[in-house]
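Student: What follows is a structure written as structure tokens; I'll ask about it next.
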Amino acid sequence: MGASSSSTGKSSAQEIEVHELEARLTATGDLPLLQHVFTKFSRSSTSASVSTKPAIPFSTLQATLSFSALNIKVSSNSEGPQLSKLIQCIGPSVAEVVFEPEKDVDWMKFLKGYEKHCKQSFGATKLKNLMILLCQIRKFARLPSGVNHTSQVVESFKDADLEGLIAESQVREFLSLCWLMMSSPTIQKASYDASTGQLQVELPDIETLVRASMLAGHSGRTTDHVERLEIPHTDGSDKEIPIQGLFSWMLATIPGVSNALPQYVQDQLVQSGSTKMGENKFQKAFPEISESTVGSIARDKAGIAKEPIKSTDSSGLLNIGRAWAVGLSLQGQIGAELVKASGNVHETLESHINLLYRSSVHGQGMNRFWKQVEGYKGPVLILLAAKSSQKIEEDGGQNAEESSWVLGFFVPEGLENKASFYGGSGCCIFAIEPEFHPFRTTVCREG
């Protein structure tokens with residue numbers, strides 16, 4: 001009798017927890033998608049109610065969360081084959097981080113894992129989970145960490161402690177994987193290359209982010225200081241910084257990157273649905289870019305390009321890598337829309353952004369600039385390229401050293417011709433090249 005009563009009590013407690021999970025995920029609009037995916041992949045009769053289905057095989061979840069085979073084209077300072085190997089390990093790693101390594105995942109664990117990683121986490125927690133994922137991906141790929149700290153880092157993450165070192169090449173891999181995960185809906189809808197059976201993807205230039213993260217991580221500065229520092233090589237091959245420094249820099253500078261894991265999980269579950277319901281859910285969770293955003297982003301309905309996918313649109317100063325960096329640093333809907341535009345690899349940024357002014361098109365001079373932007377009330381992003389010269393003492397003489405810069409300015413409400421200051425907390429100035437850094441608004445108090 002006692003055993004039966006205990007079993008009944010346990011069952012009742014689980015049922016209550018499941019009902020509470022279902023209620024919360026109903027409120028967020030996620031439950032229909034989760035029910036559909038669980039019904040599709042769990043081992044049980046489809047005539048039974050969802051809550052009584054036993055479980056999804058863990059191997060099925062790993063496959064569901066896996067990326068399509070990609071043929072990655074990278075810059076000369078990246079390891080293409082190694083990155084491709086890491087991409088193949090995304091699915092198994094995501095399944096382990098989100099749903100925990102089990103033989104099967106029942107309905108309650110499925111809901112709990114999804115809610116914890118996709119709905120409940122705050123920015124710092126989401127970023128920590130993302131870094132755990134990076135360690136797990138390298139573990140699945142059987143790649144060394146460079147300083148033999150990977151296993152220690154994973155353990156310390158689980159203890160809410162960030163320790164160890166991370167190499168510059170791993171930072172580059174980490175950011176590349178984040179861009180791919182956040183761009184997965186458009187990348188995986190492309191046509192395969194018949195000769196290779198893979199998607200052809202050219203990664204954006206993220207070196208400005210890599211340089212900034214290495215400098216900030218080494219110096220320990222995440223505030224508004226930009227200066228050049230030499231980062232030591234601990235083994236003569238790859239520069240390293242404390243992983244805590246990288247974590248702090250990302251959280252302060254590009255907080256939007258923490259959405260990579262929850263967004264990827266949601267996208268993959270939608271893709272796996274392959275039903276009209278799944279398509280509607282996708283449209284609700286990730287609506288089309290509006291017609292009024294950065295520089296008046298306007299959606300071009302011309303269709304998908306038939307050429308190999310490229311993410312390095314070089315027309316003008318705003319390329320994919322810079323757009324992604326700015327979007328990750330901005331808070332709110334504007335940042336999210338710019339990130340999504342930079343991840344739509346089927347189209348160039350020109351098809352998303354309403355170009356108000358470009359000096360090579362409209363002519364140089366403030367009068368010509370103001371003629372193009374006056375009266376526009378939407379958000380405006382301005383990029384400015386410049387050069388500076390510095391005299392260097394060499395061998396008893398002086399030589400001029402020239403540096404190139406790219407600066408950015410974001411104004412949420414457009415530009416006005418008025419004598420007084422204007423703007424709000426959404427305004428931001430960016431150092432984009434040679435290292436990325438946002439200079440956000442601060443509150444000045446008298447006295």
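Starting from 1 in every chain, residues are counted up; chains themselves are A, B, ... following the order of the structure tokens, and ligands are numbered from 1 as listed.
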What lies within 8 Å of Arg211 (chain A) using only C-alpha atoms, ignoring chain neighbours under 6 positions off, as number ranges by chain?
Tutor: A: 434-436
Student: Which residues are near region 377-384 of chain A? Cut-off 9 Å, only C-alpha atoms, ignore same chain within fewer than 2 positions. Put them as a list in words.
Tutor: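 Residues meeting the cut-off are Ser292, Thr293, Val294, Gly295, Ser296, Leu317, Leu318, Ile334, Leu356, Tyr357, Val373, Glu374, Gly375, Ala386, Trp405, Val406, Leu407, Gly408, Phe409, Phe410, Val411, Pro412, Glu413, Gly414, Leu415, Glu416, Phe430 and Ile432 of chain A.
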Student: May I have the residues within 9 Å of Leu86 (chain A) as an MDAnalysis selection string, using only C-alpha atoms and disregarding those fewer than 4 positions away in the same chain?
Tutor: chainID A and resid 81:82 90 137:138 140:141 143 173 177
Student: Please produce a file of the residues just selected, as a compact mmCIF listing (two decimals), in the first residue's frame, where the atoms kept are N, CA and C atoms.
Tutor:
# COMPACT_ATOMS: atom_id res chain seq x y z
N PRO A 81 38.77 23.23 -43.07
CA PRO A 81 38.43 21.83 -42.76
C PRO A 81 38.10 21.61 -41.29
N GLN A 82 38.84 22.27 -40.39
CA GLN A 82 38.57 22.10 -38.96
C GLN A 82 37.21 22.69 -38.60
N ILE A 90 27.78 20.10 -34.14
CA ILE A 90 26.84 21.02 -33.49
C ILE A 90 25.64 20.27 -32.93
N ILE A 137 31.36 21.09 -28.38
CA ILE A 137 31.58 20.88 -29.81
C ILE A 137 33.01 20.43 -30.06
N ARG A 138 33.97 21.09 -29.42
CA ARG A 138 35.37 20.69 -29.58
C ARG A 138 35.60 19.29 -29.00
N PHE A 140 33.37 16.81 -28.90
CA PHE A 140 32.82 15.85 -29.86
C PHE A 140 33.71 15.72 -31.08
N ALA A 141 34.33 16.83 -31.48
CA ALA A 141 35.22 16.81 -32.65
C ALA A 141 36.59 16.23 -32.33
N LEU A 143 39.02 17.60 -30.74
CA LEU A 143 40.05 18.60 -31.01
C LEU A 143 40.59 19.13 -29.69
N GLU A 173 36.73 30.65 -34.26
CA GLU A 173 35.81 29.54 -34.49
C GLU A 173 34.48 29.77 -33.78
N LEU A 177 30.91 30.01 -35.65
CA LEU A 177 29.83 29.07 -35.35
C LEU A 177 28.58 29.81 -34.92
Student: CA of Ser388 (chain A) and CA of Ser404 (chain A) are how many Å apart?
Tutor: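 One can read the CA of Ser388 (chain A) to CA of Ser404 (chain A) distance as 6.6 Å.
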Student: Give me the residues within 7 Å of Thr64 (chain A) as a ChimeraX atom specification, counting only C-alpha atoms and dropping any in the same chain fewer than 4 places off.
Tutor: /A:60,268,272
Student: As an exercise, work out the distance from CA of Phe58 (chain A) to CA of Gly113 (chain A) in Å and give it to one decimal place.
Tutor: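 Between these atoms lies a distance of 12.9 Å.
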Student: Figure out the distance between CA of Gln244 (chain A) and CA of Leu338 (chain A), please, to one decimal in Å.
Tutor: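 Going from CA of Leu338 (chain A) over to CA of Gln244 (chain A), I get 27.6 Å.
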Student: Taking into account only C-alpha atoms, which residue in the set A:Asn399, A:Thr253, A:Ser425, A:Ser183 is nearest to Val339 (chain A)?
Tutor: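 Looking at the shortest contact to Val339 (chain A), the residue is A:Ser183.
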